[in-house]
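Undergrad: One file: work04.txt (compact mmCIF, N, CA and C atoms).
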# COMPACT_ATOMS: atom_id res chain seq x y z
N MET A 1 138.87 115.35 17.10
CA MET A 1 138.72 114.80 18.43
C MET A 1 137.39 115.28 19.02
N ALA A 2 136.63 114.39 19.59
CA ALA A 2 135.33 114.74 20.17
C ALA A 2 135.52 115.55 21.45
N LYS A 3 134.68 116.54 21.63
CA LYS A 3 134.75 117.38 22.81
C LYS A 3 134.03 116.69 23.97
N LYS A 4 134.68 116.65 25.11
CA LYS A 4 134.10 116.05 26.30
C LYS A 4 132.91 116.89 26.77
N SER A 5 131.84 116.24 27.18
CA SER A 5 130.65 116.93 27.66
C SER A 5 131.00 117.82 28.86
N LEU A 6 130.56 119.05 28.82
CA LEU A 6 130.77 120.03 29.88
C LEU A 6 132.25 120.30 30.17
N GLU A 7 133.09 120.20 29.14
CA GLU A 7 134.51 120.48 29.31
C GLU A 7 134.73 121.94 29.70
N VAL A 8 133.96 122.83 29.08
CA VAL A 8 133.99 124.25 29.41
C VAL A 8 132.55 124.67 29.66
N LEU A 9 132.32 125.29 30.81
CA LEU A 9 130.97 125.71 31.17
C LEU A 9 130.63 127.05 30.54
N THR A 10 129.37 127.23 30.18
CA THR A 10 128.92 128.55 29.77
C THR A 10 128.87 129.43 31.02
N GLU A 11 128.73 130.71 30.81
CA GLU A 11 128.67 131.63 31.95
C GLU A 11 127.48 131.30 32.86
N THR A 12 126.32 131.02 32.27
CA THR A 12 125.16 130.71 33.11
C THR A 12 125.35 129.38 33.84
N MET A 13 125.94 128.39 33.19
CA MET A 13 126.22 127.12 33.86
C MET A 13 127.16 127.32 35.05
N PHE A 14 128.17 128.15 34.84
CA PHE A 14 129.13 128.44 35.91
C PHE A 14 128.42 129.05 37.12
N TYR A 15 127.56 130.02 36.88
CA TYR A 15 126.87 130.67 37.99
C TYR A 15 125.85 129.75 38.66
N VAL A 16 125.24 128.85 37.90
CA VAL A 16 124.33 127.88 38.52
C VAL A 16 125.11 126.99 39.48
N LEU A 17 126.26 126.48 39.06
CA LEU A 17 127.07 125.66 39.98
C LEU A 17 127.56 126.48 41.16
N MET A 18 127.91 127.74 40.92
CA MET A 18 128.34 128.61 42.02
C MET A 18 127.24 128.74 43.07
N ALA A 19 126.00 128.81 42.62
CA ALA A 19 124.88 128.98 43.54
C ALA A 19 124.81 127.86 44.57
N PHE A 20 125.25 126.67 44.21
CA PHE A 20 125.16 125.52 45.12
C PHE A 20 126.35 125.38 46.07
N GLN A 21 127.30 126.26 46.01
CA GLN A 21 128.51 126.08 46.82
C GLN A 21 128.24 126.19 48.33
N ARG A 22 127.22 126.92 48.71
CA ARG A 22 126.95 127.10 50.15
C ARG A 22 125.76 126.30 50.65
N GLN A 23 124.76 126.07 49.77
CA GLN A 23 123.55 125.40 50.26
C GLN A 23 122.72 124.85 49.12
N GLU A 24 121.75 124.02 49.49
CA GLU A 24 120.76 123.53 48.54
C GLU A 24 119.89 124.69 48.11
N MET A 25 119.37 124.62 46.89
CA MET A 25 118.53 125.71 46.38
C MET A 25 117.46 125.18 45.44
N CYS A 26 116.38 125.94 45.36
CA CYS A 26 115.35 125.68 44.33
C CYS A 26 115.60 126.66 43.19
N GLY A 27 114.84 126.53 42.11
CA GLY A 27 115.04 127.37 40.94
C GLY A 27 114.95 128.86 41.22
N VAL A 28 113.95 129.26 42.00
CA VAL A 28 113.77 130.68 42.32
C VAL A 28 115.00 131.21 43.07
N ASP A 29 115.51 130.41 44.01
CA ASP A 29 116.69 130.81 44.78
C ASP A 29 117.91 130.98 43.87
N ILE A 30 118.05 130.09 42.90
CA ILE A 30 119.19 130.14 41.97
C ILE A 30 119.13 131.43 41.15
N VAL A 31 117.97 131.73 40.60
CA VAL A 31 117.80 132.95 39.79
C VAL A 31 118.12 134.18 40.64
N GLN A 32 117.63 134.22 41.86
CA GLN A 32 117.89 135.34 42.76
C GLN A 32 119.38 135.46 43.08
N PHE A 33 120.02 134.33 43.37
CA PHE A 33 121.46 134.32 43.67
C PHE A 33 122.25 134.90 42.51
N ILE A 34 121.97 134.43 41.29
CA ILE A 34 122.72 134.88 40.11
C ILE A 34 122.52 136.38 39.89
N GLY A 35 121.29 136.84 40.03
CA GLY A 35 121.02 138.27 39.87
C GLY A 35 121.78 139.11 40.88
N GLU A 36 121.78 138.66 42.14
CA GLU A 36 122.47 139.41 43.19
C GLU A 36 123.99 139.35 43.02
N ARG A 37 124.52 138.15 42.75
CA ARG A 37 125.98 137.96 42.64
C ARG A 37 126.54 138.78 41.49
N THR A 38 125.81 138.86 40.39
CA THR A 38 126.32 139.56 39.20
C THR A 38 125.78 140.97 39.06
N LYS A 39 125.08 141.45 40.08
CA LYS A 39 124.45 142.78 40.03
C LYS A 39 123.59 142.90 38.77
N LYS A 40 122.88 141.83 38.45
CA LYS A 40 121.95 141.72 37.32
C LYS A 40 122.62 141.76 35.95
N ARG A 41 123.95 141.63 35.90
CA ARG A 41 124.66 141.54 34.63
C ARG A 41 124.29 140.25 33.90
N VAL A 42 124.07 139.19 34.68
CA VAL A 42 123.67 137.91 34.11
C VAL A 42 122.26 137.62 34.59
N SER A 43 121.38 137.34 33.64
CA SER A 43 120.02 136.93 34.02
C SER A 43 119.75 135.58 33.35
N ILE A 44 118.89 134.82 33.97
CA ILE A 44 118.61 133.49 33.46
C ILE A 44 117.11 133.24 33.53
N GLY A 45 116.55 132.85 32.42
CA GLY A 45 115.12 132.57 32.36
C GLY A 45 114.84 131.14 32.77
N PRO A 46 113.58 130.83 33.02
CA PRO A 46 113.23 129.48 33.48
C PRO A 46 113.58 128.38 32.48
N GLY A 47 113.40 128.64 31.19
CA GLY A 47 113.73 127.62 30.19
C GLY A 47 115.20 127.25 30.22
N THR A 48 116.05 128.26 30.25
CA THR A 48 117.50 128.03 30.31
C THR A 48 117.88 127.36 31.62
N LEU A 49 117.33 127.86 32.72
CA LEU A 49 117.67 127.30 34.04
C LEU A 49 117.33 125.81 34.11
N TYR A 50 116.11 125.46 33.74
CA TYR A 50 115.70 124.06 33.90
C TYR A 50 116.36 123.15 32.87
N THR A 51 116.79 123.69 31.73
CA THR A 51 117.59 122.91 30.79
C THR A 51 118.95 122.60 31.41
N ILE A 52 119.56 123.61 32.03
CA ILE A 52 120.86 123.42 32.70
C ILE A 52 120.71 122.43 33.85
N LEU A 53 119.69 122.60 34.68
CA LEU A 53 119.50 121.70 35.82
C LEU A 53 119.31 120.25 35.35
N ALA A 54 118.56 120.05 34.28
CA ALA A 54 118.35 118.69 33.76
C ALA A 54 119.68 118.10 33.27
N LYS A 55 120.47 118.92 32.56
CA LYS A 55 121.78 118.46 32.08
C LYS A 55 122.70 118.13 33.25
N PHE A 56 122.70 118.98 34.26
CA PHE A 56 123.54 118.74 35.44
C PHE A 56 123.11 117.48 36.19
N GLU A 57 121.80 117.24 36.27
CA GLU A 57 121.33 116.00 36.90
C GLU A 57 121.76 114.78 36.08
N GLU A 58 121.62 114.88 34.78
CA GLU A 58 122.00 113.79 33.88
C GLU A 58 123.48 113.46 34.03
N GLU A 59 124.30 114.49 34.20
CA GLU A 59 125.75 114.32 34.33
C GLU A 59 126.18 114.04 35.78
N LYS A 60 125.21 113.95 36.68
CA LYS A 60 125.46 113.67 38.11
C LYS A 60 126.26 114.77 38.81
N LEU A 61 126.07 116.01 38.35
CA LEU A 61 126.72 117.15 38.99
C LEU A 61 125.87 117.70 40.13
N ILE A 62 124.56 117.48 40.03
CA ILE A 62 123.64 117.86 41.10
C ILE A 62 122.67 116.71 41.31
N GLU A 63 121.97 116.76 42.44
CA GLU A 63 120.93 115.79 42.72
C GLU A 63 119.75 116.51 43.35
N GLU A 64 118.63 115.85 43.35
CA GLU A 64 117.40 116.44 43.84
C GLU A 64 117.00 115.74 45.15
N PRO A 65 117.36 116.33 46.30
CA PRO A 65 117.06 115.67 47.57
C PRO A 65 115.63 115.85 48.06
N ALA A 66 114.91 116.85 47.54
CA ALA A 66 113.57 117.13 48.05
C ALA A 66 112.65 117.68 46.98
N VAL A 67 111.40 117.25 47.06
CA VAL A 67 110.34 117.79 46.21
C VAL A 67 109.17 118.08 47.14
N ASP A 68 108.70 119.32 47.11
CA ASP A 68 107.56 119.72 47.93
C ASP A 68 106.53 120.33 46.99
N GLY A 69 105.59 119.50 46.53
CA GLY A 69 104.64 119.97 45.52
C GLY A 69 105.39 120.21 44.22
N ARG A 70 105.30 121.43 43.73
CA ARG A 70 106.02 121.79 42.50
C ARG A 70 107.44 122.30 42.78
N LYS A 71 107.74 122.57 44.04
CA LYS A 71 109.06 123.10 44.40
C LYS A 71 110.07 121.96 44.50
N ARG A 72 111.10 122.06 43.68
CA ARG A 72 112.17 121.07 43.67
C ARG A 72 113.45 121.72 44.20
N THR A 73 114.09 121.04 45.10
CA THR A 73 115.34 121.53 45.68
C THR A 73 116.48 120.67 45.14
N TYR A 74 117.60 121.33 44.84
CA TYR A 74 118.76 120.65 44.28
C TYR A 74 119.98 120.92 45.15
N ARG A 75 120.95 119.98 45.09
CA ARG A 75 122.23 120.19 45.76
C ARG A 75 123.34 119.65 44.87
N ILE A 76 124.51 120.20 45.07
CA ILE A 76 125.67 119.81 44.27
C ILE A 76 126.24 118.49 44.79
N THR A 77 126.79 117.70 43.88
CA THR A 77 127.45 116.45 44.24
C THR A 77 128.96 116.70 44.30
N GLU A 78 129.69 115.70 44.73
CA GLU A 78 131.15 115.82 44.74
C GLU A 78 131.68 116.02 43.32
N LYS A 79 131.11 115.32 42.37
CA LYS A 79 131.51 115.49 40.96
C LYS A 79 131.26 116.93 40.51
N GLY A 80 130.15 117.51 40.94
CA GLY A 80 129.84 118.90 40.61
C GLY A 80 130.83 119.86 41.23
N ARG A 81 131.21 119.60 42.48
CA ARG A 81 132.22 120.46 43.15
C ARG A 81 133.56 120.38 42.43
N GLU A 82 133.93 119.19 41.99
CA GLU A 82 135.19 119.03 41.27
C GLU A 82 135.17 119.79 39.95
N LEU A 83 134.07 119.68 39.21
CA LEU A 83 133.97 120.40 37.93
C LEU A 83 134.01 121.91 38.16
N TYR A 84 133.33 122.38 39.20
CA TYR A 84 133.33 123.82 39.51
C TYR A 84 134.76 124.28 39.83
N ALA A 85 135.48 123.52 40.64
CA ALA A 85 136.87 123.88 40.98
C ALA A 85 137.76 123.89 39.74
N GLU A 86 137.57 122.93 38.85
CA GLU A 86 138.34 122.90 37.60
C GLU A 86 138.05 124.13 36.75
N GLU A 87 136.79 124.53 36.70
CA GLU A 87 136.42 125.71 35.90
C GLU A 87 136.99 126.99 36.51
N VAL A 88 136.99 127.10 37.84
CA VAL A 88 137.59 128.26 38.50
C VAL A 88 139.08 128.32 38.16
N ALA A 89 139.76 127.19 38.21
CA ALA A 89 141.19 127.14 37.87
C ALA A 89 141.42 127.53 36.42
N ARG A 90 140.56 127.06 35.51
CA ARG A 90 140.69 127.40 34.09
C ARG A 90 140.52 128.90 33.87
N LEU A 91 139.52 129.48 34.54
CA LEU A 91 139.27 130.92 34.40
C LEU A 91 140.42 131.74 35.00
N ARG A 92 140.97 131.29 36.11
CA ARG A 92 142.14 131.98 36.69
C ARG A 92 143.32 131.96 35.72
N ALA A 93 143.53 130.83 35.06
CA ALA A 93 144.62 130.72 34.08
C ALA A 93 144.38 131.68 32.91
N CYS A 94 143.12 131.80 32.48
CA CYS A 94 142.79 132.74 31.40
C CYS A 94 143.11 134.17 31.81
N ILE A 95 142.75 134.53 33.03
CA ILE A 95 143.02 135.89 33.54
C ILE A 95 144.53 136.11 33.63
N ALA A 96 145.27 135.12 34.12
CA ALA A 96 146.72 135.26 34.23
C ALA A 96 147.34 135.46 32.84
N ASP A 97 146.86 134.71 31.86
CA ASP A 97 147.36 134.87 30.49
C ASP A 97 147.07 136.27 29.97
N ALA A 98 145.87 136.76 30.23
CA ALA A 98 145.49 138.10 29.76
C ALA A 98 146.34 139.17 30.44
N GLU A 99 146.58 139.02 31.72
CA GLU A 99 147.40 139.99 32.45
C GLU A 99 148.84 139.96 31.96
N ALA A 100 149.37 138.78 31.70
CA ALA A 100 150.74 138.66 31.21
C ALA A 100 150.86 139.30 29.82
N GLU A 101 149.90 139.08 28.98
CA GLU A 101 149.91 139.66 27.63
C GLU A 101 149.81 141.18 27.69
N ARG A 102 149.02 141.65 28.60
CA ARG A 102 148.82 143.10 28.78
C ARG A 102 150.11 143.81 29.20
N SER A 103 150.94 143.09 29.96
CA SER A 103 152.16 143.73 30.48
C SER A 103 153.31 143.70 29.49
N LEU A 104 153.11 143.08 28.33
CA LEU A 104 154.19 143.02 27.32
C LEU A 104 154.38 144.36 26.62
Could you show the structure in this file as structure tokens?
TA:
Amino acid sequence: MAKKSLEVLTETMFYVLMAFQRQEMCGVDIVQFIGERTKKRVSIGPGTLYTILAKFEEEKLIEEPAVDGRKRTYRITEKGRELYAEEVARLRACIADAEAERSL
């Protein structure tokens, strides 16, 4: 059976979508958000970031409302919010399974 595109997000993809939950952001803002949120446990380079952003745009998870010179600003779409919520639910289920197994 073929795997659906973006069925499970990588850790960096998850944090990129998380970055958009409160506001629009440019690439520099996203990198800073991820570093602060994870206390630098997760870092993301420009190549990885812009590959993820391109994939998210292609999948209509984010859109680009503004370009100011070389600075591009992105925002999450409703489809992106839905995917993020699904991933949060999936991760919560994984944690619940791990906790249940631990208590056996």
Undergrad: Which parts of chain A does DSSP call alpha helix (DSSP H) when run on the backbone here, written out as a VMD selection string?
TA: chain A and resid 11 to 19 27 to 37 46 to 58 78 to 102
Undergrad: Restricting the calculation to only C-alpha atoms: of A:Gly35, A:Glu101, A:Gly27, A:Val88, which residue gets closest to Ile52 of chain A?
TA: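 Nearest candidate to Ile52 of chain A out of A:Gly35, A:Glu101, A:Gly27, A:Val88: A:Gly27.
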Undergrad: Grab the atom C of Arg72 of chain A to atom CA of Thr12 of chain A distance for me, in Å with one decimal place.
TA: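 That distance, rounded to one decimal, is 18.5 Å.
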Undergrad: May I have the protein, DNA and RNA residues with any atom at most 12 Å from the point (116.4, 115.6, 43.0), counting only C-alpha atoms, written as a PDB file with N, CA and C atoms, keeping the file's coordinate frame?
TA:
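Printed below is part-v7.pdb as written:
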ATOM      1  N   GLU A  24     121.750 124.020  49.490  1.00  0.00           N
ATOM      2  CA  GLU A  24     120.760 123.530  48.540  1.00  0.00           C
ATOM      3  C   GLU A  24     119.890 124.690  48.110  1.00  0.00           C
ATOM      4  N   MET A  25     119.370 124.620  46.890  1.00  0.00           N
ATOM      5  CA  MET A  25     118.530 125.710  46.380  1.00  0.00           C
ATOM      6  C   MET A  25     117.460 125.180  45.440  1.00  0.00           C
ATOM      7  N   CYS A  26     116.380 125.940  45.360  1.00  0.00           N
ATOM      8  CA  CYS A  26     115.350 125.680  44.330  1.00  0.00           C
ATOM      9  C   CYS A  26     115.600 126.660  43.190  1.00  0.00           C
ATOM     10  N   LEU A  53     119.690 122.600  34.680  1.00  0.00           N
ATOM     11  CA  LEU A  53     119.500 121.700  35.820  1.00  0.00           C
ATOM     12  C   LEU A  53     119.310 120.250  35.350  1.00  0.00           C
ATOM     13  N   ALA A  54     118.560 120.050  34.280  1.00  0.00           N
ATOM     14  CA  ALA A  54     118.350 118.690  33.760  1.00  0.00           C
ATOM     15  C   ALA A  54     119.680 118.100  33.270  1.00  0.00           C
ATOM     16  N   PHE A  56     122.700 118.980  34.260  1.00  0.00           N
ATOM     17  CA  PHE A  56     123.540 118.740  35.440  1.00  0.00           C
ATOM     18  C   PHE A  56     123.110 117.480  36.190  1.00  0.00           C
ATOM     19  N   GLU A  57     121.800 117.240  36.270  1.00  0.00           N
ATOM     20  CA  GLU A  57     121.330 116.000  36.900  1.00  0.00           C
ATOM     21  C   GLU A  57     121.760 114.780  36.080  1.00  0.00           C
ATOM     22  N   GLU A  58     121.620 114.880  34.780  1.00  0.00           N
ATOM     23  CA  GLU A  58     122.000 113.790  33.880  1.00  0.00           C
ATOM     24  C   GLU A  58     123.480 113.460  34.030  1.00  0.00           C
ATOM     25  N   LYS A  60     125.210 113.950  36.680  1.00  0.00           N
ATOM     26  CA  LYS A  60     125.460 113.670  38.110  1.00  0.00           C
ATOM     27  C   LYS A  60     126.260 114.770  38.810  1.00  0.00           C
ATOM     28  N   LEU A  61     126.070 116.010  38.350  1.00  0.00           N
ATOM     29  CA  LEU A  61     126.720 117.150  38.990  1.00  0.00           C
ATOM     30  C   LEU A  61     125.870 117.700  40.130  1.00  0.00           C
ATOM     31  N   ILE A  62     124.560 117.480  40.030  1.00  0.00           N
ATOM     32  CA  ILE A  62     123.640 117.860  41.100  1.00  0.00           C
ATOM     33  C   ILE A  62     122.670 116.710  41.310  1.00  0.00           C
ATOM     34  N   GLU A  63     121.970 116.760  42.440  1.00  0.00           N
ATOM     35  CA  GLU A  63     120.930 115.790  42.720  1.00  0.00           C
ATOM     36  C   GLU A  63     119.750 116.510  43.350  1.00  0.00           C
ATOM     37  N   GLU A  64     118.630 115.850  43.350  1.00  0.00           N
ATOM     38  CA  GLU A  64     117.400 116.440  43.840  1.00  0.00           C
ATOM     39  C   GLU A  64     117.000 115.740  45.150  1.00  0.00           C
ATOM     40  N   PRO A  65     117.360 116.330  46.300  1.00  0.00           N
ATOM     41  CA  PRO A  65     117.060 115.670  47.570  1.00  0.00           C
ATOM     42  C   PRO A  65     115.630 115.850  48.060  1.00  0.00           C
ATOM     43  N   ALA A  66     114.910 116.850  47.540  1.00  0.00           N
ATOM     44  CA  ALA A  66     113.570 117.130  48.050  1.00  0.00           C
ATOM     45  C   ALA A  66     112.650 117.680  46.980  1.00  0.00           C
ATOM     46  N   VAL A  67     111.400 117.250  47.060  1.00  0.00           N
ATOM     47  CA  VAL A  67     110.340 117.790  46.210  1.00  0.00           C
ATOM     48  C   VAL A  67     109.170 118.080  47.140  1.00  0.00           C
ATOM     49  N   ASP A  68     108.700 119.320  47.110  1.00  0.00           N
ATOM     50  CA  ASP A  68     107.560 119.720  47.930  1.00  0.00           C
ATOM     51  C   ASP A  68     106.530 120.330  46.990  1.00  0.00           C
ATOM     52  N   LYS A  71     107.740 122.570  44.040  1.00  0.00           N
ATOM     53  CA  LYS A  71     109.060 123.100  44.400  1.00  0.00           C
ATOM     54  C   LYS A  71     110.070 121.960  44.500  1.00  0.00           C
ATOM     55  N   ARG A  72     111.100 122.060  43.680  1.00  0.00           N
ATOM     56  CA  ARG A  72     112.170 121.070  43.670  1.00  0.00           C
ATOM     57  C   ARG A  72     113.450 121.720  44.200  1.00  0.00           C
ATOM     58  N   THR A  73     114.090 121.040  45.100  1.00  0.00           N
ATOM     59  CA  THR A  73     115.340 121.530  45.680  1.00  0.00           C
ATOM     60  C   THR A  73     116.480 120.670  45.140  1.00  0.00           C
ATOM     61  N   TYR A  74     117.600 121.330  44.840  1.00  0.00           N
ATOM     62  CA  TYR A  74     118.760 120.650  44.280  1.00  0.00           C
ATOM     63  C   TYR A  74     119.980 120.920  45.150  1.00  0.00           C
ATOM     64  N   ARG A  75     120.950 119.980  45.090  1.00  0.00           N
ATOM     65  CA  ARG A  75     122.230 120.190  45.760  1.00  0.00           C
ATOM     66  C   ARG A  75     123.340 119.650  44.870  1.00  0.00           C
ATOM     67  N   ILE A  76     124.510 120.200  45.070  1.00  0.00           N
ATOM     68  CA  ILE A  76     125.670 119.810  44.270  1.00  0.00           C
ATOM     69  C   ILE A  76     126.240 118.490  44.790  1.00  0.00           C
ATOM     70  N   THR A  77     126.790 117.700  43.880  1.00  0.00           N
ATOM     71  CA  THR A  77     127.450 116.450  44.240  1.00  0.00           C
ATOM     72  C   THR A  77     128.960 116.700  44.300  1.00  0.00           C
TER      73      THR A  77
END
Undergrad: Calculate how many Å separate atom CA of Arg37 of chain A from atom N of Thr10 of chain A, rounding to one decimal.
TA: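 Between atom CA of Arg37 of chain A and atom N of Thr10 of chain A the gap works out to 16.8 Å.
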Undergrad: Quote the spacing between atom CA of Glu36 of chain A and atom N of Arg70 of chain A in Å to one decimal place.
TA: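 Distance reported for this atom pair: 24.9 Å.
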Undergrad: Using all atoms of segment 59-71 of chain A listed in the file and a margin of 6 Å per side, can you give the axis-aligned box centre and edge lengths in Å to one decimal, as lines of an AutoDock Vina configuration file?
TA:
center_x = 115.7
center_y = 118.4
center_z = 41.1
size_x = 34.1
size_y = 21.4
size_z = 25.9
Undergrad: At a cut-off of 12 Å from (129.5, 128.7, 34.7) in the coordinates of the file, what residues are picked up using only C-alpha atoms, written as a ChimeraX atom specification?
TA: /A:6-20,34,42,44,49,52,56,80,83-88,90-91
Undergrad: Could you please write out, as a PyMOL selection string, every residue of chain A that DSSP assigns to strand (DSSP E)?
TA: chain A and resi 25-26+62-68+71-76
Undergrad: Hey, which of A:Lys40, A:Lys79, A:Gly45, A:Ile30 ends up closest to Glu59 of chain A? Count only N, CA and C atoms.
TA: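 Of A:Lys40, A:Lys79, A:Gly45, A:Ile30, the one nearest Glu59 of chain A, counting only N, CA and C atoms, is A:Lys79.
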